[in-house]
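Chemist: run_31.cif is the file, holding mmCIF, C-alpha atoms:
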```cif
data_structure
#
loop_
_atom_site.label_atom_id
_atom_site.label_comp_id
_atom_site.auth_asym_id
_atom_site.auth_seq_id
_atom_site.Cartn_x
_atom_site.Cartn_y
_atom_site.Cartn_z
CA MET A 1 101.22 72.99 125.97
CA ASN A 2 104.81 74.11 125.73
CA ASN A 3 105.88 77.50 124.46
CA THR A 4 107.64 77.27 121.09
CA VAL A 5 110.30 79.81 120.21
CA ILE A 6 109.39 80.92 116.69
CA PRO A 7 112.33 82.57 114.88
CA LYS A 8 111.92 86.22 113.94
CA ARG A 9 112.90 88.30 110.94
CA GLU A 10 113.01 92.06 110.53
CA ILE A 11 110.73 93.97 108.19
CA ALA A 12 113.27 95.95 106.20
CA ASN A 13 114.18 99.42 107.48
CA THR A 14 111.61 99.37 110.31
CA GLY A 15 113.31 97.64 113.24
CA LEU A 16 110.08 95.63 113.54
CA GLN A 17 110.68 91.95 114.22
CA VAL A 18 107.95 89.51 113.12
CA ASP A 19 107.61 85.77 113.66
CA GLU A 20 108.47 83.61 110.67
CA LEU A 21 105.18 81.83 111.41
CA GLY A 22 102.28 84.19 111.96
CA PHE A 23 98.65 83.75 113.02
CA GLY A 24 96.03 84.57 110.37
CA CYS A 25 92.84 85.66 112.12
CA ALA A 26 90.34 85.39 109.22
CA PRO A 27 88.87 82.11 110.58
CA LEU A 28 88.08 83.95 113.83
CA GLY A 29 85.73 86.13 111.79
CA ASN A 30 83.73 82.94 111.14
CA LEU A 31 85.07 82.34 107.64
CA TYR A 32 82.77 79.75 106.01
CA GLN A 33 81.71 78.32 109.39
CA PRO A 34 80.80 79.63 112.85
CA VAL A 35 83.36 79.70 115.65
CA SER A 36 81.99 80.38 119.12
CA ASP A 37 83.32 83.20 121.28
CA THR A 38 84.67 80.62 123.72
CA GLU A 39 86.44 78.64 121.00
CA ALA A 40 87.91 81.83 119.53
CA ALA A 41 89.22 82.92 122.95
CA ASP A 42 90.65 79.45 123.63
CA THR A 43 92.32 79.42 120.21
CA LEU A 44 94.01 82.79 120.70
CA ALA A 45 95.08 81.86 124.24
CA ALA A 46 96.61 78.62 122.95
CA ALA A 47 98.37 80.52 120.16
CA TRP A 48 99.97 82.83 122.70
CA GLN A 49 100.99 79.96 124.96
CA LEU A 50 102.51 78.09 122.02
CA GLY A 51 104.66 81.07 121.09
CA PHE A 52 102.75 83.02 118.43
CA ARG A 53 103.41 86.76 118.58
CA HIS A 54 102.49 87.91 115.06
CA PHE A 55 98.74 88.34 114.48
CA ASP A 56 97.00 89.53 111.30
CA THR A 57 93.38 90.65 111.19
CA ALA A 58 91.15 93.01 109.17
CA PRO A 59 87.77 94.78 109.34
CA HIS A 60 86.60 92.52 106.49
CA TYR A 61 87.02 89.33 108.53
CA GLY A 62 83.50 88.79 109.84
CA GLN A 63 82.64 92.48 109.42
CA GLY A 64 84.58 93.44 112.53
CA LEU A 65 84.23 90.16 114.44
CA SER A 66 87.86 89.07 113.99
CA GLU A 67 89.19 92.44 115.15
CA ARG A 68 86.97 92.39 118.25
CA ARG A 69 88.05 88.87 119.19
CA THR A 70 91.74 89.54 118.50
CA GLY A 71 91.65 92.70 120.57
CA ASP A 72 89.93 90.91 123.45
CA ALA A 73 92.74 88.35 123.51
CA LEU A 74 95.59 90.85 123.28
CA ARG A 75 94.21 93.60 125.52
CA HIS A 76 95.48 92.18 128.80
CA LEU A 77 98.89 91.69 127.14
CA GLN A 78 99.44 95.43 126.57
CA GLY A 79 103.12 96.18 126.50
CA ARG A 80 103.97 92.58 125.69
CA ASP A 81 106.03 91.63 122.67
CA TYR A 82 103.40 91.06 119.98
CA VAL A 83 103.07 92.47 116.45
CA LEU A 84 99.57 93.22 115.19
CA SER A 85 98.57 94.00 111.62
CA SER A 86 95.21 95.12 110.29
CA LYS A 87 93.92 96.67 107.08
CA VAL A 88 92.21 99.69 105.55
CA GLY A 89 90.07 100.20 102.45
CA ARG A 90 86.72 98.96 103.72
CA LEU A 91 84.47 101.01 105.99
CA LEU A 92 81.80 99.15 107.98
CA LYS A 93 78.24 100.44 108.19
CA PRO A 94 75.07 99.10 109.90
CA ALA A 95 73.19 96.76 107.57
CA GLY A 96 71.07 94.50 109.76
CA TYR A 97 71.62 90.88 110.68
CA ARG A 98 72.17 88.27 107.99
CA ALA A 99 73.26 84.65 108.26
CA GLU A 100 76.20 85.08 105.90
CA ARG A 101 78.02 87.92 104.19
CA HIS A 102 80.99 87.64 101.83
CA GLY A 103 81.79 84.12 103.05
CA PHE A 104 81.67 85.01 106.75
CA VAL A 105 78.99 83.44 108.97
CA SER A 106 79.20 86.36 111.37
CA PRO A 107 76.65 87.76 113.82
CA MET A 108 77.93 91.30 113.22
CA PRO A 109 75.15 93.46 111.66
CA PHE A 110 77.44 95.35 109.26
CA ASP A 111 78.34 95.48 105.60
CA PHE A 112 81.18 97.42 104.00
CA SER A 113 81.84 100.05 101.39
CA TYR A 114 85.22 100.50 99.72
CA ASP A 115 87.03 103.73 100.53
CA TYR A 116 90.72 104.18 99.71
CA SER A 117 90.74 107.96 100.15
CA TYR A 118 92.78 109.91 102.72
CA ASP A 119 89.74 110.46 104.94
CA GLY A 120 88.54 106.88 104.45
CA VAL A 121 91.88 105.39 105.45
CA MET A 122 92.15 107.63 108.52
CA ARG A 123 88.63 106.71 109.59
CA SER A 124 89.29 103.01 108.95
CA TYR A 125 92.39 103.14 111.16
CA GLU A 126 90.49 104.89 113.96
CA ASP A 127 87.54 102.48 113.69
CA SER A 128 89.91 99.50 113.91
CA ILE A 129 91.58 100.91 117.02
CA MET A 130 88.14 101.23 118.62
CA ARG A 131 87.01 97.72 117.60
CA LEU A 132 90.27 96.20 118.79
CA GLY A 133 90.20 98.16 122.03
CA LEU A 134 93.96 98.53 121.73
CA ASP A 135 96.25 101.54 121.61
CA ARG A 136 98.29 100.44 118.63
CA ILE A 137 98.39 98.68 115.30
CA ASP A 138 101.94 97.89 114.19
CA ILE A 139 101.43 97.18 110.47
CA LEU A 140 98.66 98.69 108.35
CA TYR A 141 97.89 97.29 104.89
CA ILE A 142 95.68 98.65 102.11
CA HIS A 143 93.32 95.71 101.64
CA ASP A 144 92.29 94.11 98.35
CA ILE A 145 93.18 96.89 95.94
CA GLY A 146 93.63 95.35 92.49
CA ARG A 147 91.78 93.96 89.50
CA MET A 148 91.03 90.62 91.13
CA THR A 149 88.63 92.43 93.48
CA HIS A 150 87.58 95.51 91.52
CA GLY A 151 87.86 94.66 87.81
CA ASP A 152 87.78 97.70 85.54
CA ALA A 153 86.88 99.96 88.48
CA ASN A 154 90.39 99.38 89.85
CA ASP A 155 92.02 102.06 87.69
CA GLU A 156 90.25 104.87 89.51
CA LEU A 157 90.36 103.18 92.92
CA PHE A 158 94.08 102.50 92.58
CA LYS A 159 94.71 106.16 91.75
CA THR A 160 92.83 107.16 94.91
CA ALA A 161 94.71 104.61 97.00
CA MET A 162 98.12 105.70 95.74
CA THR A 163 97.43 109.37 96.42
CA GLY A 164 95.00 109.90 99.30
CA GLY A 165 95.30 106.46 100.90
CA TYR A 166 99.07 106.40 100.74
CA LYS A 167 99.29 109.93 102.15
CA ALA A 168 97.26 108.84 105.17
CA LEU A 169 99.39 105.75 105.77
CA ASP A 170 102.59 107.73 105.35
CA GLU A 171 101.39 110.28 107.92
CA LEU A 172 100.47 107.55 110.40
CA ARG A 173 103.93 106.04 109.93
CA SER A 174 105.77 109.35 110.26
CA GLN A 175 103.83 110.11 113.46
CA GLY A 176 104.85 106.75 114.91
CA LEU A 177 101.24 105.52 115.12
CA VAL A 178 102.12 102.54 112.90
CA LYS A 179 105.56 101.07 112.31
CA ALA A 180 105.10 99.67 108.81
CA ILE A 181 102.74 100.15 105.85
CA GLY A 182 101.96 98.09 102.78
CA LEU A 183 99.33 96.29 100.71
CA GLY A 184 97.39 93.18 101.67
CA VAL A 185 96.37 91.60 98.36
CA ASN A 186 95.97 88.42 96.31
CA GLU A 187 97.82 89.56 93.19
CA SER A 188 101.44 90.50 92.62
CA GLU A 189 100.80 92.93 89.75
CA VAL A 190 99.24 95.56 92.00
CA CYS A 191 102.22 95.39 94.36
CA GLU A 192 104.55 96.04 91.42
CA ALA A 193 102.44 99.01 90.40
CA ALA A 194 102.39 100.35 93.96
CA LEU A 195 106.19 100.34 94.12
CA GLU A 196 106.11 103.17 91.58
CA HIS A 197 103.97 105.33 93.87
CA GLY A 198 105.40 105.15 97.37
CA ASN A 199 107.85 103.89 99.94
CA TRP A 200 106.35 100.63 101.17
CA ASP A 201 107.75 98.58 104.04
CA CYS A 202 106.05 95.26 103.27
CA PHE A 203 103.43 93.50 101.20
CA LEU A 204 101.11 90.82 102.55
CA LEU A 205 100.79 88.72 99.40
CA ALA A 206 98.32 85.83 99.55
CA GLY A 207 98.76 82.78 97.35
CA ARG A 208 101.20 84.19 94.81
CA TYR A 209 104.49 82.82 96.13
CA THR A 210 103.80 79.27 97.20
CA LEU A 211 104.93 75.72 96.62
CA LEU A 212 102.42 75.63 93.76
CA GLU A 213 103.17 78.91 91.97
CA GLN A 214 106.19 81.16 91.74
CA ALA A 215 105.50 83.55 88.85
CA SER A 216 106.34 86.47 91.16
CA LEU A 217 109.98 85.27 91.14
CA ALA A 218 110.41 86.81 87.71
CA THR A 219 108.61 90.05 88.43
CA LEU A 220 107.64 91.26 91.89
CA LEU A 221 110.22 89.63 94.16
CA PRO A 222 113.31 91.07 92.39
CA LYS A 223 111.73 94.53 92.66
CA CYS A 224 111.08 93.95 96.36
CA GLU A 225 114.75 93.07 96.83
CA GLN A 226 115.80 96.22 94.99
CA SER A 227 113.46 98.46 96.97
CA ASN A 228 114.14 96.67 100.28
CA THR A 229 110.44 95.87 100.67
CA SER A 230 109.69 92.80 102.75
CA VAL A 231 107.05 90.19 101.86
CA VAL A 232 104.68 88.42 104.22
CA VAL A 233 103.19 85.35 102.54
CA GLY A 234 99.52 84.73 103.21
CA GLY A 235 97.55 81.80 101.86
CA PRO A 236 100.51 79.38 101.79
CA TYR A 237 98.12 76.50 101.03
CA ASN A 238 96.55 78.30 98.01
CA SER A 239 93.18 78.28 99.82
CA GLY A 240 93.33 74.58 100.64
CA ILE A 241 94.82 72.36 97.96
CA LEU A 242 98.33 72.36 99.48
CA ALA A 243 96.88 71.42 102.86
CA THR A 244 94.55 68.65 101.73
CA GLY A 245 96.39 67.44 98.64
CA VAL A 246 94.37 65.80 95.89
CA ASN A 247 94.51 62.13 96.81
CA ASN A 248 91.16 60.98 98.20
CA VAL A 249 89.79 64.55 98.08
CA SER A 250 86.58 64.86 96.08
CA LYS A 251 86.80 68.61 95.35
CA PRO A 252 90.23 70.13 96.10
CA MET A 253 90.09 73.92 96.34
CA TYR A 254 92.49 76.35 94.69
CA ASN A 255 92.10 80.15 94.83
CA TYR A 256 88.72 79.75 96.56
CA MET A 257 87.32 77.66 93.69
CA PRO A 258 87.42 73.97 92.69
CA ALA A 259 90.86 73.27 91.22
CA THR A 260 91.26 72.80 87.47
CA PRO A 261 92.65 69.52 86.05
CA ASP A 262 96.11 71.00 85.36
CA ILE A 263 96.44 72.24 88.96
CA ILE A 264 95.26 68.88 90.30
CA GLU A 265 97.81 67.07 88.12
CA LYS A 266 100.67 69.28 89.34
CA VAL A 267 99.74 68.88 93.00
CA ALA A 268 99.46 65.11 92.49
CA ARG A 269 103.06 65.07 91.24
CA ILE A 270 104.21 67.17 94.22
CA GLU A 271 102.35 64.78 96.54
CA ALA A 272 104.07 61.80 94.96
CA THR A 273 107.46 63.37 95.67
CA CYS A 274 106.36 64.09 99.23
CA GLN A 275 105.52 60.42 99.70
CA GLU A 276 108.85 59.37 98.23
CA PHE A 277 110.73 61.45 100.83
CA ASN A 278 108.24 60.94 103.68
CA VAL A 279 107.43 64.67 103.78
CA THR A 280 104.05 66.12 104.69
CA LEU A 281 102.70 68.24 101.82
CA ALA A 282 101.41 70.95 104.15
CA ALA A 283 104.80 71.16 105.89
CA ALA A 284 106.54 71.70 102.56
CA ALA A 285 103.99 74.37 101.64
CA LEU A 286 104.52 76.18 104.93
CA GLN A 287 108.31 76.11 104.83
CA PHE A 288 109.02 76.74 101.13
CA PRO A 289 108.34 80.51 100.88
CA LEU A 290 110.65 81.35 103.79
CA ALA A 291 113.72 80.43 101.73
CA HIS A 292 113.36 83.62 99.69
CA PRO A 293 115.41 86.51 101.16
CA SER A 294 112.54 89.00 100.82
CA VAL A 295 110.06 86.81 102.71
CA VAL A 296 109.92 87.52 106.44
CA SER A 297 106.85 85.55 107.51
CA VAL A 298 104.25 83.00 106.45
CA ILE A 299 100.72 83.44 107.83
CA PRO A 300 98.21 80.59 107.51
CA GLY A 301 94.66 81.07 108.74
CA LEU A 302 94.17 79.36 112.10
CA GLY A 303 90.76 78.71 113.65
CA SER A 304 91.16 76.06 116.36
CA VAL A 305 93.54 74.86 119.05
CA ARG A 306 94.10 71.61 117.16
CA ARG A 307 94.95 73.50 113.97
CA ILE A 308 97.51 75.59 115.85
CA GLU A 309 99.20 72.52 117.29
CA GLN A 310 99.28 70.85 113.87
CA THR A 311 100.74 73.98 112.27
CA ILE A 312 103.54 74.19 114.81
CA GLU A 313 104.44 70.57 114.05
CA LEU A 314 104.40 71.24 110.29
CA PHE A 315 106.61 74.28 110.77
CA LYS A 316 109.12 72.25 112.79
CA GLN A 317 109.11 69.17 110.54
CA THR A 318 112.55 68.24 109.21
CA ILE A 319 112.59 68.21 105.40
CA PRO A 320 115.70 66.90 103.61
CA SER A 321 117.44 69.09 101.04
CA GLU A 322 117.13 66.25 98.53
CA PHE A 323 113.34 66.70 98.55
CA TRP A 324 113.55 70.30 97.38
CA GLN A 325 116.15 69.42 94.79
CA ALA A 326 113.92 66.64 93.45
CA LEU A 327 111.01 69.06 93.04
CA GLN A 328 113.25 71.48 91.18
CA THR A 329 114.73 68.75 88.95
CA GLN A 330 111.21 67.64 87.98
CA GLY A 331 110.22 71.20 87.11
CA LEU A 332 107.66 71.30 89.93
CA ILE A 333 109.16 74.45 91.41
CA ASP A 334 110.90 77.24 89.52
CA LYS A 335 114.61 76.73 88.81
CA ALA A 336 115.28 80.21 90.20
CA ALA A 337 113.50 79.57 93.51
CA PRO A 338 115.75 79.64 96.59
CA LEU A 339 115.49 76.29 98.38
CA PRO A 340 115.09 75.89 102.15
CA SER A 341 117.98 74.54 104.16
CA ALA A 342 117.36 71.23 105.91
CA LYS A 343 116.12 71.80 109.47
CA VAL A 344 117.98 70.21 112.32
CA ALA A 345 115.80 67.67 114.04
CA GLU A 346 114.79 68.75 117.55
#
```
Can you dump the structure from the file as structure tokens?

Modeler:
Amino acid sequence: MNNTVIPKREIANTGLQVDELGFGCAPLGNLYQPVSDTEAADTLAAAWQLGFRHFDTAPHYGQGLSERRTGDALRHLQGRDYVLSSKVGRLLKPAGYRAERHGFVSPMPFDFSYDYSYDGVMRSYEDSIMRLGLDRIDILYIHDIGRMTHGDANDELFKTAMTGGYKALDELRSQGLVKAIGLGVNESEVCEAALEHGNWDCFLLAGRYTLLEQASLATLLPKCEQSNTSVVVGGPYNSGILATGVNNVSKPMYNYMPATPDIIEKVARIEATCQEFNVTLAAAALQFPLAHPSVVSVIPGLGSVRRIEQTIELFKQTIPSEFWQALQTQGLIDKAAPLPSAKVAE
């Protein structure tokens, strides 16, 4: 396997350079299916050899399993040029063994409780350092604050996160223990609200600025430009449908649920345009968000060596400018969306 040079972009005001294509470590927490320790180690080793240097994990991913595996892979690379992000907001506690928890088929005998307080965030950071077995985390996100996760309870939890939780993150940043702070969430509204309560370096926003949906163009992204807050795009395939498409797929998934007919119809039209221009749907989904000036990285979840190799090829695929223009003309992507420049074939 040959090392690929992945371009880097700077998270605003931090001096921290991240790969445009990052490695999402949720699958290494056994998301939906088991991954052996050997396969996880081989996957992370292949990612490093192929040029990945931006890794994102969280205590939630397999109740600590993803952090342990990621730390094991990076530990012997101490001092090397990688960027590691993890998250706070969930504290793990012993809960006995269970075959599956929260979508993760993990052997870790823990469950979590939400805690966005100052003390909870500080403890979460320290626990993550211990699980990782590393001396640093570069980016720390408040994980899954917002109504999508908490419903009506979010009002009080958000208040706690924006006072106590933010104070803890700001202290860690000012002490140089982390280089950047932000939110790691699935909804743009909570990022907009957070901008009123603190100085955030970046948001890890999953699924809300993709080839399929761009509502954040009218709301969040202009505010990020104004505040000089960078955006890392997670979930570029909208939990599957932009990777699989809808042709010959019995139950395409969107936002972790079976897609509705209107979503299926829109993706079918995007797929038809892909076929017209001989473009892979997943390649278009991976490359599209990076055209926005606030977006510094796209992080798909990667759980196998083969998936890594495929993702590198998708990232490098040459897509003609006419393809993006056709999508815009047909109203399949927002008229205000910045369009990627055509890549030069390698």

Chemist: Excluding same-chain residues fewer than 2 positions from A:Asp201, what lies within 8 Å of it counting all atoms listed in the file, as a list in words?

Modeler: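 What passes the distance filter is Ile11, Ala12, Asn13, Thr14, Ala180, Ile181, Gly182, Asn199, Phe203, Asn228, Thr229 and Ser230 of chain A.
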
Chemist: When the PyMOL selection byres ((chain A and resi 288-294) around 7) is applied to the structure above, which residues does it catch, written out as an MDAnalysis selection string?

Modeler: chainID A and resid 209:211 224:225 230:231 284:287 295:297 338:340

Chemist: Quick one: of A:Phe315, A:Tyr32, A:Tyr166, A:Phe55, who's nearest to A:Asp138, counting all atoms listed in the file?

Modeler: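 Checking each of A:Phe315, A:Tyr32, A:Tyr166, A:Phe55 against A:Asp138, counting all atoms listed in the file, the winner is A:Phe55.
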
Chemist: Contacts of stretch 118-133 of chain A at 8 Å or less, counting only C-alpha atoms, minus same-chain residues fewer than 5 places along, as number ranges by chain?

Modeler: A: 59, 64, 67-72, 75, 86-91, 163-169

Chemist: Name the closest residue to A:Ser227 among the candidates A:Glu271, A:Glu192, A:Asp115, A:Asp81; distances are taken between atoms, counting only C-alpha atoms.

Modeler: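 Distance minimum relative to A:Ser227 lands on A:Glu192.
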
Chemist: So, counting all atoms listed in the file, which residue among A:Glu276, A:Asp19, A:Asp155, A:Glu39 is closest to A:Ala193?

Modeler: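 The shortest atom-to-atom distance to A:Ala193 comes from A:Asp155.
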
Chemist: Just the residues within 12 Å of A:Tyr237, please, counting all atoms listed in the file, with nothing from its chain fewer than 4 positions along; format it as a PyMOL selection string.

Modeler: chain A and resi 206-213+233+241-245+252-256+267+281-289+298-301+311

Chemist: Excluding same-chain residues fewer than 3 positions from A:His102, what lies within 9 Å of it counting all atoms listed in the file, as a list in words?

Modeler: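 These residues fall inside the cut-off: Leu31, His60, Gly62 and Val105 of chain A.
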
Chemist: Kindly give the distance, in Å, that separates atom CA of A:Ser85 and atom CA of A:Pro258, rounded to a single decimal.

Modeler: 29.7 Å

Chemist: Convert the output of the PyMOL selection byres ((chain A and resi 41) around 12) on the shown file into explicit residues, formatted as a ChimeraX atom specification.

Modeler: /A:25,28,35-40,42-48,66,68-74,303-305

Chemist: Calculate how many Å separate atom CA of A:Glu171 from atom CA of A:Trp200, rounding to one decimal.

Modeler: 12.8 Å

Chemist: Report the residues retrieved by the PyMOL selection byres ((chain A and resi 158) around 10) from the displayed file, expressed as a ChimeraX atom specification.

Modeler: /A:116-117,145-147,150,153-157,159-163,165,190,193-194

Chemist: Generate a file of the selected residues that holds C-alpha atoms, formatted as a tab-separated table (two decimals), keeping the file's coordinate frame.

Modeler:
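So part14.tsv came out as:
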```tsv
chain	number	residue	atom	x	y	z
A	116	TYR	CA	90.72	104.18	99.71
A	117	SER	CA	90.74	107.96	100.15
A	145	ILE	CA	93.18	96.89	95.94
A	146	GLY	CA	93.63	95.35	92.49
A	147	ARG	CA	91.78	93.96	89.50
A	150	HIS	CA	87.58	95.51	91.52
A	153	ALA	CA	86.88	99.96	88.48
A	154	ASN	CA	90.39	99.38	89.85
A	155	ASP	CA	92.02	102.06	87.69
A	156	GLU	CA	90.25	104.87	89.51
A	157	LEU	CA	90.36	103.18	92.92
A	159	LYS	CA	94.71	106.16	91.75
A	160	THR	CA	92.83	107.16	94.91
A	161	ALA	CA	94.71	104.61	97.00
A	162	MET	CA	98.12	105.70	95.74
A	163	THR	CA	97.43	109.37	96.42
A	165	GLY	CA	95.30	106.46	100.90
A	190	VAL	CA	99.24	95.56	92.00
A	193	ALA	CA	102.44	99.01	90.40
A	194	ALA	CA	102.39	100.35	93.96
```

Chemist: What is the distance, in Å and to one decimal place, between atom CA of A:Phe23 and atom CA of A:Leu177?

Modeler: 22.0 Å

Chemist: Quick one: of A:Pro94, A:Gly24, A:Pro7, A:Gly29, who's nearest to A:Arg307, counting only C-alpha atoms?

Modeler: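 The closest residue to A:Arg307 is A:Gly24.
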
Chemist: From the set A:Leu50, A:Ala99, A:Val83, A:Leu134, which residue has the shortest atom-to-atom contact distance to A:Pro34, counting only C-alpha atoms?

Modeler: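 Smallest distance to A:Pro34 is found for A:Ala99.
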
Chemist: If we draw a sphere of 6 Å around (93.4, 88.3, 92.8), which residues have at least one atom in it when counting only C-alpha atoms? Please report them as a list in words.

Modeler: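 Result, sorted by chain then residue number: Met148, Asn186 and Glu187 of chain A.
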
Chemist: Which residues are near stretch 331-337 of chain A? Cut-off 7 Å, all atoms listed in the file, ignore same chain within fewer than 4 positions. Put them as a VMD selection string.

Modeler: chain A and resid 211 214 270 327

Chemist: Okay, now the selection with C-alpha atoms, as a compact mmCIF listing (two decimals), in the frame of the given file?

Modeler:
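Listed below is the output, selection_17.txt:
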```txt
# COMPACT_ATOMS: atom_id res chain seq x y z
CA LEU A 211 104.93 75.72 96.62
CA GLN A 214 106.19 81.16 91.74
CA ILE A 270 104.21 67.17 94.22
CA LEU A 327 111.01 69.06 93.04
```

Chemist: Using the partial input, fill out stretch 144-151 of chain A with all heavy atoms; write the result as a tab-separated table (two decimals), in the frame of the given file.

Modeler:
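File produced: part32.tsv:
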```tsv
chain	number	residue	atom	x	y	z
A	144	ASP	N	93.01	94.55	99.55
A	144	ASP	CA	92.29	94.11	98.35
A	144	ASP	C	92.14	95.18	97.28
A	144	ASP	O	91.13	95.21	96.56
A	144	ASP	CB	90.92	93.55	98.72
A	144	ASP	CG	91.00	92.18	99.38
A	144	ASP	OD1	92.04	91.52	99.23
A	144	ASP	OD2	90.04	91.78	100.06
A	145	ILE	N	93.13	96.06	97.14
A	145	ILE	CA	93.18	96.89	95.94
A	145	ILE	C	93.67	95.99	94.81
A	145	ILE	O	94.45	95.06	95.05
A	145	ILE	CB	94.09	98.13	96.15
A	145	ILE	CG1	93.88	99.15	95.05
A	145	ILE	CG2	95.54	97.73	96.29
A	145	ILE	CD1	92.56	99.87	95.13
A	146	GLY	N	93.19	96.20	93.60
A	146	GLY	CA	93.63	95.35	92.49
A	146	GLY	C	92.47	94.87	91.65
A	146	GLY	O	91.31	94.91	92.04
A	147	ARG	N	92.80	94.38	90.46
A	147	ARG	CA	91.78	93.96	89.50
A	147	ARG	C	91.04	92.70	89.93
A	147	ARG	O	89.89	92.49	89.54
A	147	ARG	CB	92.40	93.75	88.12
A	147	ARG	CG	92.86	95.04	87.49
A	147	ARG	CD	93.22	94.91	86.02
A	147	ARG	NE	93.57	96.21	85.48
A	147	ARG	CZ	92.69	97.11	85.08
A	147	ARG	NH1	91.39	96.82	85.14
A	147	ARG	NH2	93.07	98.28	84.61
A	148	MET	N	91.69	91.85	90.69
A	148	MET	CA	91.03	90.62	91.13
A	148	MET	C	89.76	90.94	91.92
A	148	MET	O	88.76	90.24	91.83
A	148	MET	CB	91.98	89.78	91.97
A	148	MET	CG	91.45	88.41	92.34
A	148	MET	SD	92.65	87.42	93.27
A	148	MET	CE	93.87	87.11	91.99
A	149	THR	N	89.79	92.03	92.69
A	149	THR	CA	88.63	92.43	93.48
A	149	THR	C	87.75	93.41	92.73
A	149	THR	O	86.52	93.31	92.77
A	149	THR	CB	89.09	93.08	94.80
A	149	THR	OG1	89.87	92.14	95.54
A	149	THR	CG2	87.90	93.52	95.65
A	150	HIS	N	88.35	94.38	92.02
A	150	HIS	CA	87.58	95.51	91.52
A	150	HIS	C	87.37	95.53	90.01
A	150	HIS	O	86.62	96.38	89.52
A	150	HIS	CB	88.26	96.82	91.94
A	150	HIS	CG	88.39	96.98	93.41
A	150	HIS	ND1	87.30	97.11	94.25
A	150	HIS	CD2	89.49	97.01	94.22
A	150	HIS	CE1	87.71	97.23	95.50
A	150	HIS	NE2	89.04	97.16	95.51
A	151	GLY	N	88.03	94.66	89.26
A	151	GLY	CA	87.86	94.66	87.81
A	151	GLY	C	88.25	95.99	87.20
A	151	GLY	O	89.24	96.62	87.59
```
